[in-house]
$ cat model-v2.txt   # compact mmCIF, C-alpha atoms
# COMPACT_ATOMS: atom_id res chain seq x y z
CA MET A 106 39.41 30.06 74.54
CA THR A 107 38.62 31.24 71.04
CA GLY A 108 36.05 33.76 72.40
CA ASP A 109 38.77 35.64 74.32
CA ARG A 110 40.86 36.32 71.28
CA GLY A 111 41.51 40.07 70.77
CA SER A 112 39.82 41.10 74.03
CA LEU A 113 42.94 42.92 75.16
CA THR A 114 43.01 45.22 72.12
CA PRO A 115 40.33 47.68 73.38
CA LEU A 116 42.06 47.88 76.76
CA VAL A 117 45.41 48.66 75.13
CA ALA A 118 43.74 51.30 72.95
CA MET A 119 42.14 52.94 76.00
CA VAL A 120 45.41 52.95 77.93
CA ALA A 121 47.24 54.44 74.93
CA ALA A 122 44.58 57.16 74.61
CA LEU A 123 44.85 57.92 78.32
CA VAL A 124 48.64 58.16 78.15
CA ALA A 125 48.43 60.46 75.11
CA THR A 126 45.86 62.68 76.86
CA LEU A 127 47.99 62.90 80.00
CA ALA A 128 51.04 63.79 77.92
CA LEU A 129 49.09 66.56 76.16
CA VAL A 130 47.78 67.98 79.43
CA THR A 131 51.23 67.84 81.03
CA THR A 132 52.79 69.59 78.05
CA SER A 133 50.11 72.30 78.16
CA LEU A 134 50.59 72.89 81.88
CA ALA A 135 54.36 73.08 81.48
CA GLY A 136 53.96 75.58 78.63
CA ALA A 137 51.57 77.72 80.66
CA TYR A 138 53.94 77.71 83.64
CA SER A 139 56.85 78.68 81.40
CA VAL A 140 54.91 81.63 79.97
CA ARG A 141 53.88 82.69 83.48
CA VAL A 142 57.54 82.73 84.54
CA GLN A 143 58.38 84.80 81.45
CA ALA A 144 55.63 87.32 82.28
CA VAL A 145 56.75 87.61 85.91
CA THR A 146 60.38 88.07 84.88
CA ALA A 147 59.40 90.76 82.38
CA ALA A 148 57.28 92.52 85.01
CA ASP A 149 60.13 92.48 87.53
CA ALA A 150 62.61 93.86 85.02
CA ALA A 151 60.15 96.50 83.80
CA ALA A 152 59.42 97.61 87.36
CA LEU A 153 63.12 97.97 88.10
CA ALA A 154 63.66 100.00 84.92
CA ALA A 155 60.71 102.25 85.75
CA ALA A 156 61.90 102.70 89.34
CA VAL A 157 65.31 103.89 88.19
CA ALA A 158 63.71 106.25 85.68
CA THR A 159 61.59 107.87 88.41
CA TYR A 160 64.72 109.54 89.76
CA PRO A 161 65.17 112.71 87.66
CA SER A 162 68.90 112.73 88.37
CA ALA A 163 69.23 109.26 86.82
CA GLY A 164 68.44 110.72 83.41
CA GLY A 165 66.23 107.73 82.64
CA GLY A 166 63.54 109.74 80.90
CA ASP A 167 59.93 108.61 81.06
CA PRO A 168 59.44 105.67 83.48
CA VAL A 169 56.59 104.20 81.44
CA SER A 170 58.70 104.21 78.27
CA ALA A 171 61.56 102.54 80.13
CA ALA A 172 59.22 99.87 81.50
CA ARG A 173 57.65 99.30 78.07
CA ARG A 174 61.06 98.92 76.42
CA ILE A 175 62.32 96.42 79.00
CA ALA A 176 59.07 94.43 78.96
CA ALA A 177 59.27 94.16 75.17
CA ALA A 178 62.91 93.07 75.40
CA ASN A 179 61.71 90.23 77.63
CA GLY A 180 58.98 89.18 75.19
CA ALA A 181 56.06 90.75 77.06
CA LEU A 182 53.61 93.56 76.52
CA LEU A 183 53.34 96.27 79.17
CA VAL A 184 49.66 96.58 80.07
CA ALA A 185 49.90 99.06 82.94
CA CYS A 186 52.57 100.99 84.80
CA ARG A 187 51.94 103.00 87.93
CA CYS A 188 55.03 105.02 88.77
CA ARG A 189 55.47 108.57 89.93
CA VAL A 190 58.51 110.74 89.22
CA ASP A 191 59.80 112.05 92.53
CA PRO A 192 62.88 114.27 92.96
CA SER A 193 63.44 113.04 96.52
CA PRO A 194 65.79 110.14 97.30
CA ARG A 195 63.02 108.20 99.09
CA PRO A 196 62.24 104.59 98.14
CA ARG A 197 59.88 104.06 95.22
CA VAL A 198 56.87 101.84 94.72
CA VAL A 199 56.32 100.90 91.10
CA THR A 200 53.53 98.62 89.93
CA VAL A 201 53.55 97.10 86.47
CA VAL A 202 51.31 94.61 84.70
CA THR A 203 52.60 92.59 81.76
CA GLU A 204 51.08 89.98 79.52
CA VAL A 205 52.57 87.31 77.32
CA ALA A 206 50.64 85.49 74.60
CA VAL A 207 50.53 81.73 74.95
CA ASN A 208 49.62 79.08 72.40
CA LEU A 209 48.54 75.86 74.07
CA PRO A 210 47.75 72.66 72.18
CA ILE A 211 44.44 72.24 74.04

$ encode --input "model-v2.txt" --output "structure tokens"
Amino acid sequence: MTGDRGSLTPLVAMVAALVATLALVTTSLAGAYSVRVQAVTAADAAALAAAVATYPSAGGGDPVSAARRIAAANGALLVACRCRVDPSPRPRVVTVVTEVAVNLPI
């Protein structure tokens, strides 16, 4: 029985390392998902702001500037904005692309 002494220590160390690794990966994935949600929210808000600004009667000014301002207010950077000013009351299609910097532990 003396030869078995301490044989559980490496197993406990491996399990602890596995648990720590899984915790790190889970935290990283949760952080990435959170940043993705932030970028999508900023893009939605920026697109709405740009869509309103495409109506000249709304007095919104430049749609790209409106989208950039709202994206920045939501913690994102406006990368692209495709929106056309149209004096007609027809529905608009506005496409925006935003990005948010993410710092992951791995």

$ axis_aligned_box --input "model-v2.txt" --around "range 126-131 of chain A" --padding-each-side "5 Å" --output "AutoDock Vina command-line options"
--center_x 48.5 --center_y 65.3 --center_z 78.6 --size_x 15.4 --size_y 15.3 --size_z 14.9

$ closest_residue --input "model-v2.txt" --among "A:Gly166, A:Ala154, A:Val207, A:Val201" --to "Gly180 in chain A" --atoms "only C-alpha atoms"
A:Val207

$ closest_residue --input "model-v2.txt" --among "A:Thr159, A:Thr146, A:Ser193, A:Thr200" --to "Ile175 in chain A" --atoms "all atoms listed in the file"
A:Thr146

$ residues_around --input "model-v2.txt" --residues "Val130 in chain A" --least-positions-apart "4" --cutoff "9 Å" --atoms "all atoms listed in the file" --output "list in words"
Ala125, Thr126, Leu134, Ala135, Pro210 and Ile211 of chain A

$ closest_residue --input "model-v2.txt" --among "A:Asn179, A:Leu127, A:Arg195, A:Val202" --to "Val157 in chain A" --atoms "only C-alpha atoms"
A:Arg195

$ residues_around --input "model-v2.txt" --residues "Val190 in chain A" --least-positions-apart "5" --cutoff "10 Å" --atoms "only C-alpha atoms" --output "PyMOL selection string"
chain A and resi 155-161+166-168+197

$ residues_near_point --input "model-v2.txt" --point "(49.4, 79.1, 79.5)" --cutoff "10 Å" --atoms "all atoms listed in the file" --output "tab-separated table (two decimals) with C-alpha atoms, in the coordinates of the input"
chain	number	residue	atom	x	y	z
A	133	SER	CA	50.11	72.30	78.16
A	134	LEU	CA	50.59	72.89	81.88
A	135	ALA	CA	54.36	73.08	81.48
A	136	GLY	CA	53.96	75.58	78.63
A	137	ALA	CA	51.57	77.72	80.66
A	138	TYR	CA	53.94	77.71	83.64
A	139	SER	CA	56.85	78.68	81.40
A	140	VAL	CA	54.91	81.63	79.97
A	141	ARG	CA	53.88	82.69	83.48
A	205	VAL	CA	52.57	87.31	77.32
A	206	ALA	CA	50.64	85.49	74.60
A	207	VAL	CA	50.53	81.73	74.95
A	208	ASN	CA	49.62	79.08	72.40
A	209	LEU	CA	48.54	75.86	74.07
A	210	PRO	CA	47.75	72.66	72.18

$ atom_distance --input "model-v2.txt" --atom1 "CA of Glu204 in chain A" --atom2 "CA of Ala176 in chain A"
9.2 Å

$ atom_distance --input "model-v2.txt" --atom1 "CA of Ala177 in chain A" --atom2 "CA of Pro194 in chain A"
28.1 Å

$ atom_distance --input "model-v2.txt" --atom1 "CA of Asp149 in chain A" --atom2 "CA of Arg189 in chain A"
16.9 Å

$ decode --input "model-v2.txt" --residues "range 157-188 of chain A" --atoms "C-alpha atoms" --output "JSON list (two decimals), in the first residue's frame"
[["chain", "number", "residue", "atom", "x", "y", "z"],
["A", 157, "VAL", "CA", -34.72, 58.85, -40.49],
["A", 158, "ALA", "CA", -32.04, 61.22, -41.77],
["A", 159, "THR", "CA", -32.65, 60.11, -45.38],
["A", 160, "TYR", "CA", -35.96, 61.99, -45.32],
["A", 161, "PRO", "CA", -35.07, 65.62, -46.16],
["A", 162, "SER", "CA", -38.18, 66.86, -44.36],
["A", 163, "ALA", "CA", -36.98, 65.22, -41.13],
["A", 164, "GLY", "CA", -34.14, 67.73, -40.92],
["A", 165, "GLY", "CA", -31.77, 64.97, -39.85],
["A", 166, "GLY", "CA", -28.86, 66.20, -41.90],
["A", 167, "ASP", "CA", -26.34, 63.74, -43.32],
["A", 168, "PRO", "CA", -27.45, 60.10, -42.80],
["A", 169, "VAL", "CA", -23.87, 58.85, -42.50],
["A", 170, "SER", "CA", -23.09, 61.39, -39.78],
["A", 171, "ALA", "CA", -26.25, 60.41, -37.90],
["A", 172, "ALA", "CA", -25.33, 56.73, -38.15],
["A", 173, "ARG", "CA", -21.75, 57.40, -37.04],
["A", 174, "ARG", "CA", -22.91, 59.43, -34.03],
["A", 175, "ILE", "CA", -25.39, 56.77, -32.87],
["A", 176, "ALA", "CA", -22.91, 53.93, -33.42],
["A", 177, "ALA", "CA", -20.33, 55.77, -31.31],
["A", 178, "ALA", "CA", -22.93, 56.39, -28.60],
["A", 179, "ASN", "CA", -23.41, 52.62, -28.47],
["A", 180, "GLY", "CA", -19.68, 51.93, -28.19],
["A", 181, "ALA", "CA", -19.12, 50.89, -31.80],
["A", 182, "LEU", "CA", -17.29, 52.21, -34.83],
["A", 183, "LEU", "CA", -19.25, 52.75, -38.04],
["A", 184, "VAL", "CA", -17.34, 50.95, -40.80],
["A", 185, "ALA", "CA", -19.79, 51.40, -43.67],
["A", 186, "CYS", "CA", -23.15, 53.01, -44.30],
["A", 187, "ARG", "CA", -25.14, 52.63, -47.49],
["A", 188, "CYS", "CA", -28.07, 55.01, -47.45]]
